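J.: Pasting run.cif here (mmCIF, C-alpha atoms and all ligand atoms):
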```cif
data_target
#
loop_
_atom_site.label_atom_id
_atom_site.label_comp_id
_atom_site.auth_asym_id
_atom_site.auth_seq_id
_atom_site.Cartn_x
_atom_site.Cartn_y
_atom_site.Cartn_z
CA MET A 75 119.97 147.32 141.38
CA GLU A 76 119.11 150.24 143.57
CA ILE A 77 116.06 150.87 145.69
CA SER A 78 114.33 153.58 147.65
CA LEU A 79 111.36 153.12 149.97
CA LEU A 80 109.37 156.18 148.97
CA ALA A 81 106.87 155.67 151.78
CA SER A 82 106.31 152.94 154.35
CA GLY A 83 103.51 152.48 156.87
CA SER A 84 99.77 152.11 157.16
CA LYS A 85 99.17 155.50 155.50
CA GLY A 86 100.79 154.46 152.23
CA ASN A 87 103.54 152.31 150.74
CA SER A 88 105.64 152.50 147.64
CA ILE A 89 109.09 151.20 146.71
CA ALA A 90 111.15 152.19 143.67
CA VAL A 91 113.52 149.57 142.24
CA ARG A 92 115.93 150.85 139.63
CA LYS A 93 118.09 148.79 137.31
CA ASN A 94 120.05 150.06 134.30
CA GLY A 95 118.06 153.30 134.26
CA HIS A 96 114.65 151.56 134.31
CA THR A 97 112.45 151.91 137.37
CA LEU A 98 109.88 149.47 138.67
CA LEU A 99 107.42 150.75 141.25
CA ILE A 100 106.12 148.30 143.82
CA ASP A 101 102.80 149.46 145.26
CA ALA A 102 101.34 152.94 144.99
CA GLY A 103 99.66 153.79 148.27
CA LEU A 104 100.25 157.52 147.75
CA SER A 105 98.44 160.10 145.64
CA GLY A 106 99.92 160.75 142.20
CA LYS A 107 101.12 164.15 143.37
CA GLU A 108 102.83 162.77 146.48
CA LEU A 109 104.41 159.95 144.48
CA SER A 110 105.93 162.47 142.06
CA LYS A 111 107.20 164.56 144.96
CA ARG A 112 108.94 161.59 146.60
CA LEU A 113 110.50 160.51 143.29
CA ARG A 114 111.88 164.04 142.86
CA GLN A 115 113.26 163.92 146.40
CA VAL A 116 115.31 160.80 145.61
CA VAL A 117 116.12 162.05 142.11
CA ILE A 118 114.40 159.27 140.21
CA ASP A 119 113.16 160.50 136.85
CA GLU A 120 109.44 159.83 136.31
CA ASN A 121 110.22 159.00 132.69
CA SER A 122 112.30 156.04 133.84
CA ILE A 123 109.27 154.29 135.39
CA ARG A 124 108.38 151.22 133.35
CA ALA A 125 105.78 149.33 135.41
CA LEU A 126 103.78 149.17 138.62
CA LEU A 127 103.64 145.93 140.57
CA ILE A 128 100.98 145.47 143.26
CA SER A 129 101.42 143.30 146.36
CA HIS A 130 97.79 143.22 147.53
CA ASP A 131 94.52 145.09 147.49
CA HIS A 132 94.70 147.12 150.74
CA SER A 133 94.36 150.84 150.15
CA ASP A 134 97.75 151.69 151.69
CA HIS A 135 99.18 149.81 148.67
CA ILE A 136 96.79 150.64 145.83
CA LYS A 137 95.32 154.07 146.63
CA GLY A 138 97.28 155.80 143.86
CA ALA A 139 97.71 152.81 141.53
CA GLY A 140 95.24 153.81 138.84
CA VAL A 141 96.48 157.39 138.79
CA ALA A 142 100.12 156.26 138.67
CA CYS A 143 99.48 153.97 135.68
CA ARG A 144 97.77 156.76 133.74
CA LYS A 145 100.17 159.51 134.82
CA PHE A 146 103.33 157.57 133.97
CA ASN A 147 101.69 155.61 131.13
CA ILE A 148 102.89 152.29 132.51
CA PRO A 149 101.51 148.76 132.69
CA LEU A 150 100.05 147.34 135.88
CA PHE A 151 101.13 143.92 137.19
CA ILE A 152 98.66 142.46 139.66
CA THR A 153 97.09 139.11 140.59
CA LYS A 154 93.65 138.41 139.17
CA SER A 155 91.99 138.20 142.58
CA SER A 156 93.51 141.50 143.75
CA TYR A 157 92.41 143.11 140.50
CA ASN A 158 88.85 141.86 140.88
CA ALA A 159 88.76 143.28 144.40
CA VAL A 160 89.92 146.76 143.39
CA LYS A 161 88.84 147.08 139.75
CA LYS A 162 86.39 149.90 140.45
CA ARG A 163 88.82 151.87 142.58
CA LEU A 164 91.59 151.61 139.97
CA GLY A 165 89.61 153.16 137.13
CA LYS A 166 90.71 152.69 133.55
CA ILE A 167 93.91 150.66 133.14
CA ASP A 168 95.23 150.44 129.60
CA LYS A 169 97.97 147.88 130.06
CA LEU A 170 96.96 145.15 132.45
CA ASN A 171 99.12 142.10 133.22
CA PHE A 172 98.27 139.32 135.60
CA PHE A 173 100.89 137.45 137.55
CA GLN A 174 100.45 134.46 139.85
CA ASN A 175 102.16 133.69 143.11
CA GLY A 176 104.70 130.93 142.55
CA TYR A 177 105.32 131.91 138.91
CA PRO A 178 108.44 134.07 138.43
CA PHE A 179 108.58 136.61 135.61
CA GLN A 180 111.23 138.80 134.06
CA PHE A 181 111.36 142.60 134.17
CA ASN A 182 114.39 143.83 132.25
CA LYS A 183 117.35 142.19 134.01
CA LEU A 184 115.35 141.45 137.14
CA LEU A 185 113.70 138.13 137.87
CA ILE A 186 110.67 138.71 140.07
CA GLU A 187 109.47 135.83 142.24
CA PRO A 188 106.07 136.54 143.80
CA PHE A 189 105.05 134.27 146.65
CA ALA A 190 101.95 134.02 148.80
CA VAL A 191 101.89 135.15 152.43
CA PRO A 192 99.13 134.96 155.05
CA HIS A 193 97.38 138.35 155.30
CA ASP A 194 93.76 139.49 155.46
CA SER A 195 93.41 140.62 151.85
CA HIS A 196 92.06 138.84 148.77
CA ALA A 197 95.49 137.64 147.76
CA SER A 198 98.80 138.76 149.15
CA SER A 199 102.17 138.60 147.51
CA CYS A 200 105.61 139.26 148.81
CA PHE A 201 108.52 139.42 146.37
CA ARG A 202 112.02 138.18 145.93
CA ILE A 203 113.78 140.13 143.18
CA ASN A 204 116.94 138.70 141.69
CA ASP A 205 119.33 140.80 139.66
CA THR A 206 120.28 138.38 136.89
CA GLU A 207 123.39 140.44 136.00
CA THR A 208 124.96 140.66 139.44
CA GLY A 209 123.40 137.63 141.17
CA ARG A 210 122.30 139.85 144.06
CA SER A 211 118.81 139.81 145.44
CA LEU A 212 116.25 141.72 147.39
CA ALA A 213 113.26 140.43 149.34
CA ILE A 214 110.26 142.53 150.28
CA LEU A 215 108.42 141.07 153.22
CA THR A 216 105.63 143.23 154.61
CA ASP A 217 101.94 142.71 155.35
CA LEU A 218 102.02 139.17 156.67
CA GLY A 219 100.74 137.60 159.87
CA TYR A 220 103.61 135.18 160.32
CA PRO A 221 106.49 133.77 158.25
CA THR A 222 105.55 130.43 156.72
CA ARG A 223 108.12 127.83 155.65
CA LEU A 224 107.77 129.13 152.12
CA THR A 225 108.53 132.67 153.33
CA ILE A 226 111.71 131.54 155.05
CA GLU A 227 112.76 129.59 151.97
CA LYS A 228 112.24 132.62 149.74
CA ILE A 229 114.15 135.15 151.80
CA LYS A 230 117.21 132.97 152.43
CA TYR A 231 120.54 134.42 151.33
CA VAL A 232 119.25 137.74 150.00
CA SER A 233 121.60 140.72 149.96
CA THR A 234 118.94 143.18 151.12
CA LEU A 235 115.81 142.49 153.11
CA ILE A 236 112.88 144.85 153.56
CA LEU A 237 111.19 143.43 156.63
CA GLU A 238 107.96 144.37 158.34
CA SER A 239 108.32 145.46 161.96
CA ASN A 240 104.78 146.69 162.42
CA HIS A 241 104.14 146.91 166.12
CA ASP A 242 105.48 146.61 169.60
CA MET A 243 103.23 144.07 171.31
CA ASN A 244 102.94 146.03 174.58
CA LYS A 245 102.08 149.24 172.77
CA LEU A 246 99.49 147.44 170.69
CA ILE A 247 97.81 145.76 173.66
CA ASN A 248 97.68 149.03 175.61
CA SER A 249 96.69 151.22 172.65
CA SER A 250 93.31 152.88 172.16
CA TYR A 251 92.49 150.59 169.21
CA PRO A 252 89.27 148.60 169.55
CA TRP A 253 89.90 145.02 170.61
CA SER A 254 88.73 143.64 167.26
CA LEU A 255 91.37 145.68 165.43
CA LYS A 256 94.07 144.64 167.91
CA GLN A 257 93.07 141.02 167.28
CA ARG A 258 93.25 141.55 163.53
CA ILE A 259 96.76 143.03 163.69
CA LYS A 260 98.03 140.28 166.03
CA SER A 261 96.40 137.46 164.10
CA LYS A 262 98.03 135.00 161.74
CA ARG A 263 96.67 137.10 158.88
CA GLY A 264 97.76 140.46 160.31
CA HIS A 265 101.18 142.08 160.61
CA LEU A 266 104.62 141.11 161.93
CA SER A 267 105.58 142.54 165.31
CA ASN A 268 109.05 143.71 166.32
CA THR A 269 109.49 140.42 168.17
CA GLN A 270 108.40 138.31 165.20
CA ALA A 271 110.79 140.25 162.95
CA SER A 272 113.67 139.64 165.38
CA LYS A 273 112.88 135.94 165.70
CA LEU A 274 112.75 135.60 161.94
CA MET A 275 116.06 137.39 161.58
CA LYS A 276 117.71 135.01 164.04
CA ARG A 277 116.75 132.14 161.75
CA ILE A 278 117.91 133.64 158.48
CA ILE A 279 120.87 135.88 159.30
CA HIS A 280 123.87 135.14 157.09
CA ASP A 281 127.17 136.78 156.16
CA GLU A 282 126.08 138.12 152.80
CA LEU A 283 123.14 140.07 154.17
CA GLU A 284 124.11 143.73 153.72
CA ASN A 285 120.99 145.76 154.40
CA ILE A 286 117.97 145.27 156.61
CA ILE A 287 115.29 147.89 156.19
CA LEU A 288 112.55 147.75 158.80
CA ALA A 289 109.27 148.71 157.21
CA HIS A 290 105.52 149.22 157.61
CA LEU A 291 105.83 150.52 161.19
CA SER A 292 102.59 151.43 162.91
CA GLU A 293 102.56 155.07 163.99
CA GLU A 294 100.20 154.30 166.85
CA ASN A 295 101.66 151.01 168.08
CA ASN A 296 105.38 151.31 167.46
CA GLU A 297 108.30 153.70 167.55
CA PRO A 298 111.26 153.64 165.18
CA GLU A 299 113.63 153.40 168.18
CA LEU A 300 111.82 150.33 169.56
CA ALA A 301 111.90 148.54 166.21
CA TYR A 302 115.53 149.50 165.63
CA LYS A 303 116.69 148.39 169.08
CA ALA A 304 114.90 145.03 168.89
CA MET A 305 116.63 144.24 165.59
CA GLU A 306 119.97 145.73 166.63
CA LYS A 307 120.05 143.28 169.56
CA VAL A 308 119.78 140.31 167.18
CA LEU A 309 122.48 141.70 164.91
CA THR A 310 124.84 142.34 167.81
CA GLU A 311 124.26 138.84 169.21
CA SER A 312 124.94 137.32 165.81
CA LYS A 313 127.96 139.61 165.24
CA ALA A 314 126.39 140.61 161.94
CA LYS A 315 127.83 143.61 160.15
CA CYS A 316 124.89 144.62 158.01
CA ASN A 317 123.34 148.08 157.77
CA LEU A 318 120.11 148.57 159.64
CA LEU A 319 117.65 151.29 158.86
CA VAL A 320 114.03 152.12 159.46
CA ALA A 321 111.83 153.30 156.60
CA ASP A 322 109.60 156.32 157.15
CA GLN A 323 106.01 157.17 156.38
CA TYR A 324 106.66 160.79 155.48
CA LYS A 325 109.97 160.83 153.63
CA PRO A 326 111.79 158.47 151.29
CA THR A 327 114.91 156.56 152.27
CA GLY A 328 117.98 157.49 150.27
CA ILE A 329 118.98 155.31 147.36
CA ILE A 330 120.15 151.96 148.69
CA LYS A 331 122.45 149.82 146.59
CA VAL A 332 121.46 146.15 146.58
ZN ZN B 1 99.99 147.59 154.28
ZN ZN B 2 97.84 144.91 154.01
#
```
Give the structure from this file in structure tokens form.

T.:
Amino acid sequence: MEISLLASGSKGNSIAVRKNGHTLLIDAGLSGKELSKRLRQVVIDENSIRALLISHDHSDHIKGAGVACRKFNIPLFITKSSYNAVKKRLGKIDKLNFFQNGYPFQFNKLLIEPFAVPHDSHASSCFRINDTETGRSLAILTDLGYPTRLTIEKIKYVSTLILESNHDMNKLINSSYPWSLKQRIKSKRGHLSNTQASKLMKRIIHDELENIILAHLSEENNEPELAYKAMEKVLTESKAKCNLLVADQYKPTGIIKV
């Protein structure tokens, strides 16, 4: 499978996962127009899009979901509680499918394992996606306050990991954000910091890990260099040889082979 992070950050998220010419979109936190533009930039044909999968009901993940389903004429996969929370904002959805955390389902040759993570939304899912043809796997781990035991279990031995590195703790504490918002971000239902991401990586690093993509960086409370350096330190200490990159809010990553 191949992936591109079309956008990543608190202003909008979307990931394209392509397998055998079929594309699955995960989240649509961009306008329909912007989504099309990013797909063109990475040369993914809109006609190859087969479904949209939603992680949770925050607007940076669902803003363009209704439009995307109608524009690309694709089914929506979402949990029932997320759907109930955003039904009105989505508008008319013709093909609606509910999934549940803990219950894997098949999409072409991909086995999608949604699992629950602690975050301040109605229901939050992260995903492990296994390519049943090649045996390789991808985990998408963003929008969570801390990694639970289940999280660690799910992301073990993946080939590619998309990992939240939302904020630098010093920048967050000294930022102009109101204290209540700082508390929310830092909380057990908020977002992973650079330090939390590094600590998690220390626990799960293994030889087969080929790509780490740091994602969902805060523009206000982080800098790509800070996130990169924090993770690079762990990789150097562990003598790991995997690729490390930082996803961007304003432009898609290239196509990454999983
Ligand atoms: Zn988010
Ligand atoms: Zn969120």

J.: Counting only C-alpha atoms and all ligand atoms, figure out which residue out of A:Asn158, A:Asn240, A:Thr269, A:Asn94 gets nearest to ligand ZN 1 (chain B).

T.: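 That would be A:Asn240, the residue with the smallest distance to ligand ZN 1 (chain B).
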
J.: Ser211 (chain A): which residues within 9 Å, counting all atoms listed in the file, same-chain residues fewer than 6 positions away excluded, as a PDB file with C-alpha atoms, keeping the file's coordinate frame?

T.:
```pdb
ATOM      1  CA  MET A  75     119.970 147.320 141.380  1.00  0.00           C
ATOM      2  CA  ARG A 202     112.020 138.180 145.930  1.00  0.00           C
ATOM      3  CA  ILE A 203     113.780 140.130 143.180  1.00  0.00           C
ATOM      4  CA  ASN A 204     116.940 138.700 141.690  1.00  0.00           C
ATOM      5  CA  ASP A 205     119.330 140.800 139.660  1.00  0.00           C
ATOM      6  CA  TYR A 231     120.540 134.420 151.330  1.00  0.00           C
ATOM      7  CA  VAL A 232     119.250 137.740 150.000  1.00  0.00           C
ATOM      8  CA  SER A 233     121.600 140.720 149.960  1.00  0.00           C
ATOM      9  CA  THR A 234     118.940 143.180 151.120  1.00  0.00           C
ATOM     10  CA  LEU A 235     115.810 142.490 153.110  1.00  0.00           C
ATOM     11  CA  VAL A 332     121.460 146.150 146.580  1.00  0.00           C
TER      12      VAL A 332
END
```

J.: Could you list the protein, DNA and RNA residues that have any atom within 10 Å of ligand ZN 2 (chain B), counting all atoms listed in the file, and write them as number ranges by chain?

T.: A: 83-84, 87, 129-135, 193-198, 216-219, 259, 263-265, 290

J.: Please determine, counting only C-alpha atoms, which residue among A:Ile278, A:Leu79, A:Leu164, A:Ala190 has the shortest atom-to-atom distance to Tyr177 (chain A).

T.: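 Using only C-alpha atoms, Tyr177 (chain A) sits closest to A:Ala190.
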
J.: Using all atoms listed in the file for the distances, tell me which of A:Ser78, A:Asn175, A:Ser122, A:Thr222 is nearest to Ile100 (chain A).

T.: A:Ser78

J.: So which one's closest to ligand ZN 1 (chain B), A:Leu150, A:His280, A:Ala321, A:Ser292? Using only C-alpha atoms and all ligand atoms, please.

T.: A:Ser292

J.: Build an axis-aligned box that encloses every atom of region 268-272 of chain A listed in the file, pad it by 5 Å on each side, and report its centre and edge lengths in Å to one decimal, as AutoDock Vina command-line options.

T.:
```
--center_x 111.0 --center_y 141.0 --center_z 165.6 --size_x 15.3 --size_y 15.4 --size_z 15.2
```

J.: Go through A:Ser105, A:Ser239, A:Ser312, A:Gln174 one by one, measure the shortest atom-to-atom distance of each to Gly140 (chain A) using only C-alpha atoms, and give the residue with the smallest value.

T.: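 Result for the nearest residue to Gly140 (chain A): A:Ser105.
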
J.: Would you mind telling me which residue in A:Ser82, A:Ser88, A:Gln115, A:Asn171 lies nearest to Ile136 (chain A) when using all atoms listed in the file?

T.: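 Closest candidate: A:Ser88.
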
J.: Could you tell me, as an MDAnalysis selection string, which residues have any atom at most 6 Å from (116.3, 158.1, 148.8), counting all atoms listed in the file?

T.: chainID A and resid 78 116 326:329

J.: Could you give me, as a ChimeraX atom specification, the residues that have an atom at most 9 Å away from the point (126.9, 142.1, 153.0) in the coordinates of the file, using all atoms listed in the file?

T.: /A:233-234,280-285,315-317

J.: What is the distance between CA of Leu185 (chain A) and CA of Asn121 (chain A), in Å to one decimal?

T.: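 Pair CA of Leu185 (chain A) / CA of Asn121 (chain A) returns 21.8 Å.
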
J.: Please report the interatomic distance between CA of Ser156 (chain A) and CA of Leu266 (chain A) in Å with one decimal.

T.: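 Distance reported for this atom pair: 21.3 Å.
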
J.: Between CA of Asn244 (chain A) and CA of Asn295 (chain A), what is the distance, to one decimal in Å?

T.: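 CA of Asn295 (chain A) lies 8.3 Å from CA of Asn244 (chain A).
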
J.: Near Gly165 (chain A), within 9 Å and counting all atoms listed in the file, which residues show up once chain neighbours fewer than 4 positions away are dropped, as a CSV table (one decimal) with C-alpha atoms, in the coordinates of the input?

T.:
```
chain,number,residue,atom,x,y,z
A,140,GLY,CA,95.2,153.8,138.8
A,141,VAL,CA,96.5,157.4,138.8
A,160,VAL,CA,89.9,146.8,143.4
A,161,LYS,CA,88.8,147.1,139.8
```

J.: Residues within 10 Å of Glu108 (chain A), please, as a ChimeraX atom specification. Count all atoms listed in the file; anything in the same chain fewer than 3 positions from it doesn't count.

T.: /A:80-81,103-105,111-114,138,324

J.: From the structure block, carefully write region 118-144 of chain A out with N, CA and C atoms; format it as a PDB file, in the first residue's frame.

T.:
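Contents of selection_12.pdb, as written:
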```
ATOM      1  N   ILE A 118      -3.059  11.574  -7.260  1.00  0.00           N
ATOM      2  CA  ILE A 118      -4.019  10.513  -6.960  1.00  0.00           C
ATOM      3  C   ILE A 118      -5.316  10.896  -7.668  1.00  0.00           C
ATOM      4  N   ASP A 119      -5.783  10.007  -8.515  1.00  0.00           N
ATOM      5  CA  ASP A 119      -6.982  10.257  -9.311  1.00  0.00           C
ATOM      6  C   ASP A 119      -8.224  10.233  -8.404  1.00  0.00           C
ATOM      7  N   GLU A 120      -9.016  11.284  -8.483  1.00  0.00           N
ATOM      8  CA  GLU A 120     -10.260  11.351  -7.680  1.00  0.00           C
ATOM      9  C   GLU A 120     -11.169  10.147  -7.934  1.00  0.00           C
ATOM     10  N   ASN A 121     -11.129   9.660  -9.175  1.00  0.00           N
ATOM     11  CA  ASN A 121     -11.995   8.517  -9.523  1.00  0.00           C
ATOM     12  C   ASN A 121     -11.564   7.218  -8.851  1.00  0.00           C
ATOM     13  N   SER A 122     -10.374   7.235  -8.243  1.00  0.00           N
ATOM     14  CA  SER A 122      -9.920   6.007  -7.569  1.00  0.00           C
ATOM     15  C   SER A 122     -10.394   5.963  -6.113  1.00  0.00           C
ATOM     16  N   ILE A 123     -11.025   7.033  -5.642  1.00  0.00           N
ATOM     17  CA  ILE A 123     -11.441   7.080  -4.228  1.00  0.00           C
ATOM     18  C   ILE A 123     -12.682   6.222  -4.029  1.00  0.00           C
ATOM     19  N   ARG A 124     -12.598   5.295  -3.082  1.00  0.00           N
ATOM     20  CA  ARG A 124     -13.679   4.319  -2.889  1.00  0.00           C
ATOM     21  C   ARG A 124     -14.465   4.525  -1.590  1.00  0.00           C
ATOM     22  N   ALA A 125     -13.854   5.187  -0.601  1.00  0.00           N
ATOM     23  CA  ALA A 125     -14.561   5.343   0.678  1.00  0.00           C
ATOM     24  C   ALA A 125     -13.879   6.415   1.522  1.00  0.00           C
ATOM     25  N   LEU A 126     -14.645   6.933   2.469  1.00  0.00           N
ATOM     26  CA  LEU A 126     -14.107   7.876   3.457  1.00  0.00           C
ATOM     27  C   LEU A 126     -14.330   7.295   4.845  1.00  0.00           C
ATOM     28  N   LEU A 127     -13.245   7.230   5.593  1.00  0.00           N
ATOM     29  CA  LEU A 127     -13.276   6.682   6.950  1.00  0.00           C
ATOM     30  C   LEU A 127     -13.004   7.832   7.920  1.00  0.00           C
ATOM     31  N   ILE A 128     -13.818   7.924   8.969  1.00  0.00           N
ATOM     32  CA  ILE A 128     -13.689   9.061   9.898  1.00  0.00           C
ATOM     33  C   ILE A 128     -13.171   8.592  11.264  1.00  0.00           C
ATOM     34  N   SER A 129     -12.177   9.301  11.779  1.00  0.00           N
ATOM     35  CA  SER A 129     -11.595   8.917  13.081  1.00  0.00           C
ATOM     36  C   SER A 129     -12.416   9.438  14.257  1.00  0.00           C
ATOM     37  N   HIS A 130     -12.866  10.693  14.163  1.00  0.00           N
ATOM     38  CA  HIS A 130     -13.684  11.263  15.248  1.00  0.00           C
ATOM     39  C   HIS A 130     -14.345  12.549  14.784  1.00  0.00           C
ATOM     40  N   ASP A 131     -15.177  13.103  15.654  1.00  0.00           N
ATOM     41  CA  ASP A 131     -16.081  14.162  15.195  1.00  0.00           C
ATOM     42  C   ASP A 131     -15.539  15.598  15.292  1.00  0.00           C
ATOM     43  N   HIS A 132     -14.258  15.795  15.555  1.00  0.00           N
ATOM     44  CA  HIS A 132     -13.733  17.169  15.577  1.00  0.00           C
ATOM     45  C   HIS A 132     -13.666  17.737  14.162  1.00  0.00           C
ATOM     46  N   SER A 133     -13.893  19.058  14.071  1.00  0.00           N
ATOM     47  CA  SER A 133     -14.046  19.639  12.738  1.00  0.00           C
ATOM     48  C   SER A 133     -12.777  19.564  11.890  1.00  0.00           C
ATOM     49  N   ASP A 134     -11.596  19.490  12.520  1.00  0.00           N
ATOM     50  CA  ASP A 134     -10.384  19.356  11.695  1.00  0.00           C
ATOM     51  C   ASP A 134     -10.293  17.969  11.042  1.00  0.00           C
ATOM     52  N   HIS A 135     -11.285  17.099  11.317  1.00  0.00           N
ATOM     53  CA  HIS A 135     -11.325  15.771  10.693  1.00  0.00           C
ATOM     54  C   HIS A 135     -12.579  15.541   9.840  1.00  0.00           C
ATOM     55  N   ILE A 136     -13.616  16.352  10.103  1.00  0.00           N
ATOM     56  CA  ILE A 136     -14.882  16.075   9.386  1.00  0.00           C
ATOM     57  C   ILE A 136     -15.428  17.256   8.576  1.00  0.00           C
ATOM     58  N   LYS A 137     -14.750  18.399   8.678  1.00  0.00           N
ATOM     59  CA  LYS A 137     -15.230  19.612   8.007  1.00  0.00           C
ATOM     60  C   LYS A 137     -15.711  19.368   6.568  1.00  0.00           C
ATOM     61  N   GLY A 138     -14.938  18.622   5.797  1.00  0.00           N
ATOM     62  CA  GLY A 138     -15.294  18.426   4.388  1.00  0.00           C
ATOM     63  C   GLY A 138     -15.875  17.042   4.110  1.00  0.00           C
ATOM     64  N   ALA A 139     -16.274  16.328   5.164  1.00  0.00           N
ATOM     65  CA  ALA A 139     -16.675  14.919   4.978  1.00  0.00           C
ATOM     66  C   ALA A 139     -17.934  14.762   4.121  1.00  0.00           C
ATOM     67  N   GLY A 140     -18.955  15.548   4.431  1.00  0.00           N
ATOM     68  CA  GLY A 140     -20.195  15.454   3.666  1.00  0.00           C
ATOM     69  C   GLY A 140     -19.966  15.793   2.205  1.00  0.00           C
ATOM     70  N   VAL A 141     -19.259  16.885   1.981  1.00  0.00           N
ATOM     71  CA  VAL A 141     -18.958  17.323   0.605  1.00  0.00           C
ATOM     72  C   VAL A 141     -18.165  16.243  -0.128  1.00  0.00           C
ATOM     73  N   ALA A 142     -17.155  15.682   0.551  1.00  0.00           N
ATOM     74  CA  ALA A 142     -16.305  14.670  -0.093  1.00  0.00           C
ATOM     75  C   ALA A 142     -17.139  13.452  -0.508  1.00  0.00           C
ATOM     76  N   CYS A 143     -18.057  13.013   0.370  1.00  0.00           N
ATOM     77  CA  CYS A 143     -18.879  11.846   0.032  1.00  0.00           C
ATOM     78  C   CYS A 143     -19.747  12.115  -1.191  1.00  0.00           C
ATOM     79  N   ARG A 144     -20.304  13.319  -1.256  1.00  0.00           N
ATOM     80  CA  ARG A 144     -21.172  13.646  -2.406  1.00  0.00           C
ATOM     81  C   ARG A 144     -20.339  13.885  -3.663  1.00  0.00           C
TER      82      ARG A 144
END
```
